[in-house]
file protein-v9.pdb (PDB, C-alpha atoms)
MODEL        1
ATOM      1  CA  MET A  14     -54.586  -5.602 -97.539
ATOM      2  CA  ASP A  15     -53.446  -7.186 -94.321
ATOM      3  CA  ILE A  16     -53.221  -5.814 -90.823
ATOM      4  CA  GLN A  17     -49.511  -4.936 -91.109
ATOM      5  CA  GLU A  18     -50.201  -2.640 -94.057
ATOM      6  CA  LEU A  19     -53.037  -1.057 -92.109
ATOM      7  CA  LEU A  20     -50.840  -0.435 -89.073
ATOM      8  CA  ALA A  21     -48.122   1.080 -91.247
ATOM      9  CA  SER A  22     -50.671   3.388 -92.829
ATOM     10  CA  ALA A  23     -51.979   4.462 -89.419
ATOM     11  CA  LYS A  24     -48.665   6.062 -88.596
ATOM     12  CA  THR A  25     -48.277   7.966 -91.847
ATOM     13  CA  GLN A  26     -51.683   8.752 -93.335
ATOM     14  CA  THR A  27     -54.623  10.970 -92.496
ATOM     15  CA  PHE A  28     -57.476   9.598 -90.449
ATOM     16  CA  ASP A  29     -59.866   9.651 -93.425
ATOM     17  CA  ARG A  30     -57.600   7.457 -95.510
ATOM     18  CA  PHE A  31     -56.936   5.210 -92.521
ATOM     19  CA  GLU A  32     -60.696   4.941 -91.921
ATOM     20  CA  ARG A  33     -61.277   3.757 -95.486
ATOM     21  CA  LYS A  34     -58.558   1.124 -95.173
ATOM     22  CA  LEU A  35     -59.901  -0.098 -91.829
ATOM     23  CA  ASN A  36     -63.424  -0.328 -93.256
ATOM     24  CA  GLU A  37     -62.056  -2.280 -96.200
ATOM     25  CA  LEU A  38     -60.162  -4.649 -93.920
ATOM     26  CA  VAL A  39     -63.169  -5.264 -91.689
ATOM     27  CA  ARG A  40     -65.484  -5.820 -94.664
ATOM     28  CA  LEU A  41     -63.146  -8.192 -96.487
ATOM     29  CA  ASN A  42     -61.698 -10.113 -93.546
ATOM     30  CA  TYR A  43     -63.900 -13.105 -92.768
ATOM     31  CA  ARG A  44     -63.043 -12.918 -89.038
ATOM     32  CA  PHE A  45     -64.754  -9.540 -88.720
ATOM     33  CA  SER A  46     -67.576 -10.079 -91.200
ATOM     34  CA  ASN A  47     -70.249  -9.983 -88.501
ATOM     35  CA  LEU A  48     -69.477  -6.335 -87.636
ATOM     36  CA  ASP A  49     -72.057  -4.050 -89.163
ATOM     37  CA  GLU A  50     -71.651  -0.387 -90.103
ATOM     38  CA  ALA A  51     -72.547   0.859 -86.612
ATOM     39  CA  ASN A  52     -69.960  -1.439 -85.049
ATOM     40  CA  ARG A  53     -67.281  -0.292 -87.497
ATOM     41  CA  LYS A  54     -68.069   3.330 -86.636
ATOM     42  CA  LEU A  55     -67.741   2.426 -82.970
ATOM     43  CA  VAL A  56     -64.304   0.886 -83.546
ATOM     44  CA  LEU A  57     -63.225   3.910 -85.565
ATOM     45  CA  SER A  58     -64.346   6.295 -82.846
ATOM     46  CA  ILE A  59     -62.271   4.408 -80.274
ATOM     47  CA  ILE A  60     -59.241   4.349 -82.564
ATOM     48  CA  LYS A  61     -59.693   8.028 -83.405
ATOM     49  CA  LYS A  62     -59.479   8.892 -79.694
ATOM     50  CA  HIS A  63     -56.087   7.179 -79.540
ATOM     51  CA  LEU A  64     -54.801   7.978 -83.026
ATOM     52  CA  SER A  65     -52.133  10.367 -81.771
ATOM     53  CA  ASP A  66     -50.642   7.538 -79.695
ATOM     54  CA  ILE A  67     -50.724   5.274 -82.749
ATOM     55  CA  HIS A  68     -49.044   7.960 -84.878
ATOM     56  CA  ASN A  69     -46.345   8.377 -82.239
ATOM     57  CA  GLY A  70     -45.628   4.653 -82.209
ATOM     58  CA  ILE A  71     -47.062   4.103 -78.732
ATOM     59  CA  GLY A  72     -50.146   2.247 -79.881
ATOM     60  CA  ILE A  73     -53.107   1.371 -77.703
ATOM     61  CA  SER A  74     -52.017   0.001 -74.347
ATOM     62  CA  SER A  75     -53.540  -3.135 -72.878
ATOM     63  CA  TYR A  76     -55.067  -1.062 -70.100
ATOM     64  CA  VAL A  77     -56.752   1.321 -72.547
ATOM     65  CA  ALA A  78     -58.044  -1.561 -74.687
ATOM     66  CA  GLU A  79     -59.488  -3.279 -71.605
ATOM     67  CA  ARG A  80     -61.054  -0.024 -70.369
ATOM     68  CA  GLU A  81     -62.652   0.641 -73.772
ATOM     69  CA  THR A  82     -63.898  -2.952 -73.978
ATOM     70  CA  TYR A  83     -65.344  -2.691 -70.467
ATOM     71  CA  HIS A  84     -67.277   0.450 -71.441
ATOM     72  CA  LEU A  85     -68.614  -1.350 -74.507
ATOM     73  CA  TYR A  86     -69.663  -4.304 -72.383
ATOM     74  CA  GLU A  87     -71.415  -2.002 -69.914
ATOM     75  CA  ASN A  88     -73.366  -0.364 -72.744
ATOM     76  CA  ARG A  89     -73.828  -3.476 -74.899
ATOM     77  CA  ILE A  90     -77.626  -3.393 -74.717
ATOM     78  CA  LYS A  91     -77.870   0.288 -75.611
ATOM     79  CA  LEU A  92     -75.330  -0.168 -78.449
ATOM     80  CA  HIS A  93     -76.951  -3.424 -79.646
ATOM     81  CA  LEU A  94     -73.674  -5.351 -79.317
ATOM     82  CA  THR A  95     -73.483  -9.110 -79.070
ATOM     83  CA  GLU A  96     -70.789 -11.004 -77.211
ATOM     84  CA  GLU A  97     -69.226 -11.852 -80.570
ATOM     85  CA  ASP A  98     -69.179  -8.178 -81.586
ATOM     86  CA  ILE A  99     -67.388  -7.255 -78.370
ATOM     87  CA  ARG A 100     -64.825 -10.041 -78.890
ATOM     88  CA  ASP A 101     -64.176  -8.858 -82.450
ATOM     89  CA  ILE A 102     -63.813  -5.230 -81.380
ATOM     90  CA  LYS A 103     -61.449  -6.288 -78.615
ATOM     91  CA  GLU A 104     -59.423  -8.260 -81.158
ATOM     92  CA  ILE A 105     -59.217  -5.258 -83.486
ATOM     93  CA  LEU A 106     -58.047  -3.032 -80.632
ATOM     94  CA  ALA A 107     -55.439  -5.637 -79.684
ATOM     95  CA  LEU A 108     -53.998  -5.319 -83.185
ATOM     96  CA  PHE A 109     -52.979  -1.752 -82.303
ATOM     97  CA  LYS A 110     -50.923  -2.713 -79.276
ATOM     98  CA  ARG A 111     -47.282  -1.827 -79.467
TER
ENDMDL
END
call {"tool": "encode", "arguments": {"input": "protein-v9.pdb", "output": "structure tokens"}}
result
Amino acid sequence: MDIQELLASAKTQTFDRFERKLNELVRLNYRFSNLDEANRKLVLSIIKKHLSDIHNGIGISSYVAERETYHLYENRIKLHLTEEDIRDIKEILALFKR
């Protein structure tokens, strides 16, 4: 599965099915292999907040992605995030831009 298939499924499928596909993509894609289960849940929680915009074809705006990334960076110690984790999460969120 590639990112285009995942984005197409985001607009048409339930969140549970979308969550499974995103987990599969993150696990199998070598670029995101450093993200652990907690980090994947974090990404899914951010996407879930904006899923209605994704379903409506709006996607996640650059401003929203930057704001979410900033909050992650602020709480990186509490969330046990490395700089690489934050970059990967930011890259995943950028995939949902319209």
call {"tool": "residues_around", "arguments": {"input": "protein-v9.pdb", "residues": "stretch 60-72 of chain A", "least_positions_apart": "5", "cutoff": "9 Å", "atoms": "only C-alpha atoms", "output": "list of chain:residue names"}}
result
A:Leu20, A:Ala23, A:Lys24, A:Thr25, A:Gln26, A:Phe28, A:Leu55, A:Leu106, A:Phe109, A:Lys110, A:Arg111
call {"tool": "resolve_selection", "arguments": {"input": "protein-v9.pdb", "expression": "the PyMOL selection byres ((chain A and resi 90-101) around 12)", "output": "ChimeraX atom specification"}}
result
/A:39,42-56,78-79,81-89,102-108
call {"tool": "atom_distance", "arguments": {"input": "protein-v9.pdb", "atom1": "atom CA of A:Arg80", "atom2": "atom CA of A:Glu18"}}
result
26.2 Å
call {"tool": "atom_distance", "arguments": {"input": "protein-v9.pdb", "atom1": "atom CA of A:Phe31", "atom2": "atom CA of A:Ser75"}}
result
21.6 Å
call {"tool": "atom_distance", "arguments": {"input": "protein-v9.pdb", "atom1": "atom CA of A:Thr27", "atom2": "atom CA of A:Leu57"}}
result
13.1 Å
call {"tool": "axis_aligned_box", "arguments": {"input": "protein-v9.pdb", "around": "stretch 96-108 of chain A", "padding_each_side": "5 Å", "output": "AutoDock Vina command-line options"}}
result
--center_x -62.4 --center_y -7.4 --center_z -80.3 --size_x 26.8 --size_y 18.8 --size_z 16.3
